[in-house]
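J.: File my_file-v4.txt below, compact mmCIF, C-alpha atoms and all ligand atoms:
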# COMPACT_ATOMS: atom_id res chain seq x y z
CA MET A 16 -4.75 15.99 -25.30
CA THR A 17 -2.46 13.93 -23.12
CA ALA A 18 -0.84 15.82 -20.29
CA THR A 19 2.89 16.34 -20.02
CA LEU A 20 3.93 14.64 -16.77
CA ILE A 21 6.06 16.67 -14.38
CA ASP A 22 8.80 14.43 -12.98
CA GLY A 23 9.27 15.47 -9.36
CA LYS A 24 11.92 12.83 -8.79
CA GLU A 25 14.12 14.34 -11.46
CA LEU A 26 13.68 17.93 -10.22
CA ALA A 27 14.21 16.89 -6.59
CA GLY A 28 17.52 15.31 -7.66
CA ILE A 29 18.54 18.56 -9.36
CA VAL A 30 17.62 20.62 -6.26
CA ARG A 31 19.44 18.23 -3.93
CA ARG A 32 22.59 18.42 -6.07
CA GLU A 33 22.31 22.23 -5.98
CA VAL A 34 22.06 22.18 -2.17
CA THR A 35 24.93 19.70 -1.88
CA GLY A 36 27.12 21.94 -4.05
CA ARG A 37 26.21 25.09 -2.10
CA THR A 38 26.86 23.28 1.19
CA ALA A 39 30.31 22.10 0.08
CA ALA A 40 31.21 25.55 -1.29
CA SER A 41 30.19 27.36 1.89
CA ALA A 42 32.15 24.88 4.07
CA ILE A 43 29.33 24.71 6.60
CA ALA A 44 27.63 21.52 7.67
CA PRO A 45 24.07 22.50 8.64
CA GLY A 46 22.69 20.59 11.61
CA LEU A 47 19.15 19.24 11.11
CA ALA A 48 17.22 17.99 14.14
CA THR A 49 14.29 15.81 13.09
CA VAL A 50 12.00 14.94 15.99
CA LEU A 51 9.97 11.74 15.68
CA VAL A 52 7.46 10.77 18.36
CA GLY A 53 6.29 7.17 18.55
CA GLU A 54 6.31 4.36 16.02
CA ASP A 55 3.90 5.42 13.25
CA PRO A 56 5.31 3.48 10.26
CA ALA A 57 4.63 6.16 7.61
CA SER A 58 6.18 8.91 9.75
CA GLY A 59 9.14 6.62 10.47
CA ILE A 60 9.73 6.14 6.72
CA TYR A 61 9.43 9.88 5.98
CA VAL A 62 11.85 10.84 8.75
CA ALA A 63 14.33 8.14 7.70
CA SER A 64 14.36 9.59 4.15
CA LYS A 65 14.77 13.14 5.43
CA ARG A 66 17.75 12.06 7.53
CA LYS A 67 19.35 9.97 4.80
CA LEU A 68 19.08 12.68 2.15
CA SER A 69 20.25 15.41 4.51
CA VAL A 70 23.37 13.41 5.38
CA ALA A 71 23.94 12.83 1.65
CA ALA A 72 23.82 16.63 1.17
CA GLY A 73 26.57 17.09 3.78
CA PHE A 74 24.38 17.97 6.76
CA ARG A 75 24.78 16.77 10.35
CA ASP A 76 22.02 14.41 11.55
CA LEU A 77 20.83 15.51 15.00
CA HIS A 78 17.77 13.27 15.14
CA ARG A 79 15.70 12.71 18.30
CA HIS A 80 13.32 9.77 18.66
CA LEU A 81 10.91 10.05 21.58
CA PRO A 82 8.54 7.36 22.91
CA SER A 83 4.86 7.46 21.94
CA ASP A 84 3.90 8.20 25.56
CA VAL A 85 6.18 11.22 25.88
CA THR A 86 4.47 14.05 27.78
CA GLN A 87 3.72 17.47 26.35
CA GLU A 88 6.17 19.00 28.84
CA GLU A 89 8.99 16.63 27.89
CA LEU A 90 8.46 17.16 24.16
CA GLU A 91 8.38 20.94 24.59
CA ARG A 92 11.54 20.72 26.70
CA VAL A 93 13.31 18.88 23.86
CA VAL A 94 12.17 21.47 21.32
CA ASP A 95 13.38 24.28 23.63
CA GLU A 96 16.70 22.51 24.07
CA LEU A 97 17.18 22.21 20.30
CA GLY A 98 16.29 25.89 19.94
CA ALA A 99 19.06 26.84 22.38
CA ASP A 100 21.65 24.43 20.94
CA ASP A 101 24.08 26.25 18.65
CA GLU A 102 24.80 23.01 16.74
CA VAL A 103 21.21 22.93 15.53
CA ASP A 104 20.27 24.98 12.45
CA GLY A 105 16.92 23.39 11.66
CA ILE A 106 14.17 21.75 13.74
CA LEU A 107 11.48 19.57 12.20
CA VAL A 108 8.84 17.94 14.38
CA GLN A 109 7.26 15.22 12.23
CA LEU A 110 3.47 15.42 12.10
CA PRO A 111 1.00 14.05 12.96
CA LEU A 112 1.82 13.69 16.66
CA PRO A 113 0.08 11.10 18.86
CA ALA A 114 -3.42 12.27 19.86
CA HIS A 115 -2.56 13.12 23.48
CA LEU A 116 -0.13 15.84 22.32
CA ASP A 117 -1.00 19.41 21.33
CA ALA A 118 0.86 19.87 18.02
CA ALA A 119 0.13 23.62 17.76
CA ALA A 120 1.68 24.21 21.19
CA VAL A 121 4.76 22.18 20.23
CA ILE A 122 5.20 24.05 16.93
CA ALA A 123 4.87 27.34 18.81
CA ARG A 124 8.03 26.40 20.74
CA ILE A 125 10.18 26.04 17.62
CA HIS A 126 12.74 28.83 17.36
CA PRO A 127 11.58 30.87 14.31
CA ASP A 128 15.13 31.07 12.85
CA LYS A 129 15.25 27.23 12.91
CA ASP A 130 11.73 26.66 11.62
CA VAL A 131 12.73 24.75 8.47
CA ASP A 132 9.16 23.46 8.08
CA GLY A 133 7.88 27.06 7.96
CA LEU A 134 5.00 26.22 10.30
CA THR A 135 5.39 28.66 13.19
CA GLU A 136 3.22 31.75 13.53
CA VAL A 137 6.27 33.90 12.78
CA SER A 138 6.97 32.06 9.51
CA ALA A 139 3.28 32.10 8.54
CA GLY A 140 3.12 35.84 9.30
CA ARG A 141 6.19 36.55 7.20
CA LEU A 142 4.65 34.60 4.33
CA ALA A 143 1.28 36.36 4.70
CA LEU A 144 3.06 39.74 4.58
CA ASN A 145 5.32 38.60 1.74
CA ARG A 146 8.47 39.21 3.81
CA PRO A 147 11.59 37.01 3.57
CA GLY A 148 11.39 33.89 5.73
CA LEU A 149 11.32 30.11 5.78
CA ARG A 150 8.42 28.74 3.71
CA PRO A 151 6.57 25.43 4.19
CA CYS A 152 8.30 22.67 2.23
CA THR A 153 5.55 21.06 0.15
CA PRO A 154 4.05 24.30 -1.20
CA SER A 155 7.54 25.64 -2.03
CA GLY A 156 8.21 22.40 -3.89
CA VAL A 157 5.01 22.90 -5.90
CA ILE A 158 6.10 26.40 -6.98
CA ARG A 159 9.47 25.03 -8.04
CA LEU A 160 7.76 22.25 -10.06
CA LEU A 161 5.57 24.79 -11.87
CA ASP A 162 8.58 26.98 -12.70
CA TRP A 163 10.60 24.01 -13.91
CA ALA A 164 7.74 22.81 -16.12
CA GLY A 165 7.48 26.29 -17.65
CA VAL A 166 3.98 26.95 -16.30
CA GLY A 167 3.45 30.71 -16.00
CA ILE A 168 2.16 31.76 -12.57
CA LYS A 169 1.90 35.54 -12.92
CA GLY A 170 -1.66 36.49 -13.91
CA ALA A 171 -2.83 32.87 -13.98
CA HIS A 172 -5.94 31.78 -12.12
CA ALA A 173 -4.74 29.33 -9.49
CA VAL A 174 -7.24 27.23 -7.56
CA VAL A 175 -6.08 25.47 -4.40
CA VAL A 176 -8.28 22.67 -3.06
CA GLY A 177 -7.66 22.34 0.68
CA ARG A 178 -6.79 24.83 3.41
CA SER A 179 -4.46 22.96 5.76
CA ASP A 180 -1.67 24.73 7.65
CA LEU A 181 0.86 22.39 6.02
CA VAL A 182 -0.17 22.85 2.38
CA GLY A 183 -3.39 24.63 1.29
CA ARG A 184 -3.09 27.97 3.10
CA PRO A 185 0.64 28.51 2.49
CA GLN A 186 0.22 27.28 -1.10
CA ALA A 187 -2.37 29.98 -1.75
CA GLN A 188 -0.07 32.62 -0.21
CA LEU A 189 2.92 31.53 -2.28
CA LEU A 190 0.88 31.64 -5.50
CA LEU A 191 -0.43 35.09 -4.54
CA ALA A 192 3.13 36.26 -3.88
CA ARG A 193 3.91 35.21 -7.46
CA ASP A 194 1.02 37.34 -8.76
CA ALA A 195 -1.51 34.60 -9.47
CA THR A 196 -5.22 35.27 -8.93
CA VAL A 197 -5.99 32.75 -6.21
CA THR A 198 -9.15 30.89 -5.19
CA ILE A 199 -9.19 28.52 -2.21
CA CYS A 200 -11.75 25.70 -2.19
CA HIS A 201 -12.60 23.50 0.79
CA ARG A 202 -15.20 21.07 2.08
CA TYR A 203 -17.92 23.75 2.14
CA THR A 204 -17.33 25.01 -1.39
CA ALA A 205 -20.78 24.82 -3.00
CA ASP A 206 -19.84 23.56 -6.46
CA LEU A 207 -16.26 22.33 -6.50
CA ALA A 208 -16.16 21.36 -10.19
CA SER A 209 -17.37 24.75 -11.43
CA ALA A 210 -14.69 26.47 -9.32
CA THR A 211 -11.84 24.16 -10.30
CA ARG A 212 -12.81 24.25 -14.01
CA THR A 213 -11.79 27.93 -14.07
CA ALA A 214 -8.23 27.10 -12.95
CA ASP A 215 -5.18 27.51 -15.14
CA ILE A 216 -3.24 26.00 -12.22
CA LEU A 217 -5.05 23.51 -9.99
CA VAL A 218 -3.32 22.38 -6.80
CA VAL A 219 -5.19 19.60 -5.05
CA ALA A 220 -4.35 19.05 -1.38
CA ALA A 221 -7.63 17.82 0.06
CA GLY A 222 -6.56 14.47 1.45
CA VAL A 223 -9.40 12.69 -0.39
CA PRO A 224 -8.37 9.90 -2.81
CA GLY A 225 -9.48 10.54 -6.39
CA LEU A 226 -11.48 13.67 -5.48
CA VAL A 227 -10.61 15.47 -8.71
CA GLY A 228 -11.39 13.95 -12.10
CA ALA A 229 -11.64 15.13 -15.72
CA GLU A 230 -14.89 16.99 -14.97
CA HIS A 231 -13.00 19.28 -12.57
CA ILE A 232 -10.28 20.29 -15.03
CA LYS A 233 -10.10 23.00 -17.69
CA PRO A 234 -8.49 21.62 -20.86
CA GLY A 235 -4.76 22.38 -20.80
CA ALA A 236 -4.58 23.27 -17.09
CA ALA A 237 -1.55 22.42 -14.94
CA VAL A 238 -2.75 19.98 -12.28
CA ILE A 239 -0.61 19.38 -9.21
CA ASP A 240 -1.60 16.46 -7.01
CA VAL A 241 -0.38 16.81 -3.43
CA GLY A 242 -2.37 13.84 -2.09
CA ILE A 243 -0.84 10.48 -1.31
CA HIS A 244 -2.85 7.48 -0.18
CA ARG A 245 -2.01 3.83 0.31
CA THR A 246 -4.59 1.54 -1.29
CA GLU A 247 -4.71 -2.19 -2.06
CA ASP A 248 -3.60 -1.31 -5.61
CA GLY A 249 -0.64 0.79 -4.43
CA LEU A 250 -0.27 4.55 -3.99
CA CYS A 251 -2.72 7.06 -5.41
CA GLY A 252 -3.33 10.78 -5.12
CA ASP A 253 -6.27 13.18 -4.74
CA VAL A 254 -6.52 13.30 -8.54
CA ASP A 255 -7.86 10.48 -10.69
CA PHE A 256 -4.70 10.14 -12.76
CA GLU A 257 -6.04 8.31 -15.82
CA SER A 258 -8.97 10.64 -16.47
CA ALA A 259 -7.00 13.80 -15.57
CA ARG A 260 -4.17 13.03 -17.98
CA GLN A 261 -6.64 13.03 -20.91
CA ILE A 262 -7.50 16.69 -20.32
CA ALA A 263 -4.75 18.45 -18.33
CA GLY A 264 -1.81 20.21 -19.99
CA HIS A 265 0.60 19.26 -17.19
CA LEU A 266 0.10 16.72 -14.42
CA THR A 267 2.18 15.43 -11.51
CA PRO A 268 2.16 11.65 -10.96
CA VAL A 269 1.73 9.96 -7.57
CA PRO A 270 4.22 8.77 -6.50
CA GLY A 271 7.10 10.70 -8.07
CA GLY A 272 5.51 14.14 -8.35
CA VAL A 273 5.20 16.48 -5.38
CA GLY A 274 6.43 14.00 -2.74
CA PRO A 275 10.16 14.07 -3.54
CA MET A 276 10.07 17.89 -3.67
CA THR A 277 9.08 18.16 0.00
CA ILE A 278 12.42 16.79 1.16
CA ALA A 279 14.33 18.80 -1.45
CA SER A 280 12.68 21.98 -0.09
CA LEU A 281 13.52 20.93 3.47
CA LEU A 282 17.20 20.67 2.52
CA GLN A 283 17.06 24.11 0.89
CA ASN A 284 15.41 25.62 3.96
CA THR A 285 17.92 24.01 6.31
CA LEU A 286 20.87 25.36 4.34
CA THR A 287 19.23 28.79 4.16
CA ALA A 288 18.62 28.75 7.94
CA ALA A 289 22.26 27.76 8.54
CA GLU A 290 23.53 30.53 6.27
CA PHE A 291 21.33 33.13 8.01
CA ARG A 292 22.44 32.00 11.45
CA ARG A 293 26.07 32.36 10.39
CA GLY A 294 25.47 35.75 8.76
CA ILE A 295 26.34 34.43 5.28
CA ARG A 296 23.00 35.59 3.83
N1 LIG B 1 3.94 15.24 7.85
C1 LIG B 1 3.61 15.19 6.53
N2 LIG B 1 4.24 16.17 5.85
C2 LIG B 1 4.98 16.85 6.73
C3 LIG B 1 5.87 17.96 6.63
O1 LIG B 1 6.09 18.55 5.57
N3 LIG B 1 6.44 18.36 7.79
C4 LIG B 1 6.19 17.75 8.98
N4 LIG B 1 6.79 18.22 10.05
N5 LIG B 1 5.37 16.72 9.11
C5 LIG B 1 4.79 16.27 8.00
Once more with this new file: its structure as structure tokens, please.
Ligand code: GUN
T.:
Amino acid sequence: MTATLIDGKELAGIVRREVTGRTAASAIAPGLATVLVGEDPASGIYVASKRKLSVAAGFRDLHRHLPSDVTQEELERVVDELGADDEVDGILVQLPLPAHLDAAAVIARIHPDKDVDGLTEVSAGRLALNRPGLRPCTPSGVIRLLDWAGVGIKGAHAVVVGRSDLVGRPQAQLLLARDATVTICHRYTADLASATRTADILVVAAGVPGLVGAEHIKPGAAVIDVGIHRTEDGLCGDVDFESARQIAGHLTPVPGGVGPMTIASLLQNTLTAAEFRRGIR
């Protein structure tokens, strides 16, 4: 079997056009405040794309760039300021932050109604209780990819590899909310391959290049690769693409799979936050 590839670039384009249309129809221009600290090149590229695509969707760009030696107090003051500013509908603090900063404390300052990354305790609590709220962008993008590819979630056994705040934990919650039976694997899982081989849906977000190969995959499973790593040979994911595609039913490529969906979900969340704040939803 050769897996059907799920084209995240194409779906992200569809979602962005949807958001652009909804934005134009509602005659609101959501304000997105991205906060970038320091000069990390990868973070700089991600934030530049988020800003560019949000402007293309009709949003207002309220970006803040702070120096790498900014203090915790100053950064928290900026986040508080954005929370109080009526022009701002969404706040996104790009992670990781420089090592001297306490990211959890910064995220805790984000106004929950503007938490377009879905990372605050309020957003995580809403997700855990299956209440309406803003959901983390990458895991929401994964759900949308599965739906678009026609992969049934209800009643499926979904295995998530990784338990990060940004992806693994919220991914498991989102799959559970869609009535999957969910297993979470992590670095202390005794026999990873025997757990992942039971998955109808396998989401790999471990941050380890090539961790998952053919021996981890049940024939016909949908395999979603959230990893992205720069190597001498270009970009690769957490899944060994060539061996996985011989056995999976569906597979996301890296690049061009999950990555583009993260920004598409951010745009959706920002518009949703703007609509809520204006009482449209
Ligand atoms: N760094 C890598 N991915 C993300 C994301 O989705 N949100 C934020 N804020 N930082 C990130």
J.: Please indicate the distance in Å from CA of Phe256 (chain A) to CA of Ala208 (chain A), rounded to one decimal place.
T.: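 Computed distance, CA of Phe256 (chain A) to CA of Ala208 (chain A), equals 16.2 Å.
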J.: Quick one: residues within 10 Å of Val30 (chain A), only C-alpha atoms, excluding same-chain residues fewer than 4 positions away - as number ranges by chain?
T.: A: 24-26, 34-36, 156, 159, 276, 278-280, 282-283
J.: Take the residues that were just selected and, keeping C-alpha atoms, output them as a compact mmCIF listing (two decimals), in the coordinates of the input.
T.:
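This is the output file part.txt:
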# COMPACT_ATOMS: atom_id res chain seq x y z
CA LYS A 24 11.92 12.83 -8.79
CA GLU A 25 14.12 14.34 -11.46
CA LEU A 26 13.68 17.93 -10.22
CA VAL A 34 22.06 22.18 -2.17
CA THR A 35 24.93 19.70 -1.88
CA GLY A 36 27.12 21.94 -4.05
CA GLY A 156 8.21 22.40 -3.89
CA ARG A 159 9.47 25.03 -8.04
CA MET A 276 10.07 17.89 -3.67
CA ILE A 278 12.42 16.79 1.16
CA ALA A 279 14.33 18.80 -1.45
CA SER A 280 12.68 21.98 -0.09
CA LEU A 282 17.20 20.67 2.52
CA GLN A 283 17.06 24.11 0.89
J.: Hey, can you pull every residue with an atom no more than 10 Å from (6.9, 29.9, 5.2), using all atoms listed in the file, and send it as JSON, numbers by chain?
T.: {"A": [130, 131, 132, 133, 134, 135, 136, 137, 138, 139, 140, 141, 142, 143, 145, 146, 147, 148, 149, 150, 151, 152, 154, 155, 181, 185, 186, 188, 189, 284]}
J.: Which protein, DNA or RNA residues have an atom within 7 Å of ligand LIG 1 (chain B), counting all atoms listed in the file, as a list in words?
T.: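 Result of the 7 Å neighbour search around ligand LIG 1 (chain B): Ser58, Leu107, Val108, Gln109, Leu110, Pro111, Asp132, Cys152, Thr153, Leu181 and Thr277 of chain A.
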J.: Report, as AutoDock Vina command-line options, the centre and edge lengths in Å (one decimal) of the axis-aligned box enclosing every listed atom of region 274-290 of chain A, padded by 5 Å on each side.
T.:
--center_x 15.0 --center_y 22.3 --center_z 2.4 --size_x 27.1 --size_y 26.5 --size_z 22.2
J.: Looking at A:Ser64, A:Thr86, A:Thr204, A:Ser258, which one is nearest to Pro275 (chain A), with distances taken over only C-alpha atoms?
T.: A:Ser64
J.: Nearest to Glu54 (chain A) among A:Arg31, A:Thr267, A:His80, A:Arg66, with distances taken over all atoms listed in the file: which residue is it?
T.: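 Looking at the shortest contact to Glu54 (chain A), the residue is A:His80.
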J.: Using CA of Arg37 (chain A) and CA of Arg296 (chain A) as the two end points, give the distance in Å to one decimal.
T.: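 CA of Arg296 (chain A) lies 12.5 Å from CA of Arg37 (chain A).
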J.: So how far away is CA of Gly252 (chain A) from CA of Ala187 (chain A), in Å?
T.: 19.5 Å
J.: When you count only C-alpha atoms, which of these residues is closest to Ala214 (chain A): A:Leu190, A:Ala120, A:Val197, A:Ala27?
T.: A:Val197
J.: For Asp255 (chain A), list every protein, DNA or RNA residue within 6 Å, evaluated using all atoms listed in the file, and leave out those in the same chain fewer than 3 positions away; present the list as a ChimeraX atom specification.
T.: /A:225,228,258-259
J.: Just want the 6 Å neighbourhood of region 236-250 of chain A, counted on only C-alpha atoms, with same-chain residues fewer than 2 positions away dropped. Output as JSON, numbers by chain.
T.: {"A": [215, 216, 217, 218, 219, 220, 222, 233, 234, 252, 253, 263, 264, 265, 266, 267, 273]}
J.: Here is a test: counting only C-alpha atoms, which residue of A:Ala114, A:Ala39, A:Val223, A:Ala210 is nearest to Ala71 (chain A)?
T.: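 When distances to Ala71 (chain A) are compared using only C-alpha atoms, the smallest one comes from A:Ala39.
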J.: Return the single residue from A:Thr287, A:Thr49, A:Thr211, A:Gln261 that is closest to Ile199 (chain A), with distances computed using only C-alpha atoms.
T.: A:Thr211
J.: Which is closest to Ala44 (chain A) among A:Val62, A:Val103, A:Ala123, A:Ile232, if we use all atoms listed in the file?
T.: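 For Ala44 (chain A), the nearest of the given residues is A:Val103.
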J.: Leaving out Asp95 (chain A) and any residue of its chain fewer than 3 positions from it, which residues lie within 8 Å of it when counting all atoms listed in the file, given as a list in words?
T.: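 The residues that qualify are Glu91, Arg92, Gly98, Ala99, Arg124, Ile125 and His126 of chain A.
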J.: Considering all atoms listed in the file, return as a PyMOL selection string whatever protein or nucleic-acid residues lie within 9 Å of Thr196 (chain A), sequence-local ones (same chain, fewer than 2 positions apart) excluded.
T.: chain A and resi 168-174+190-191+194+198
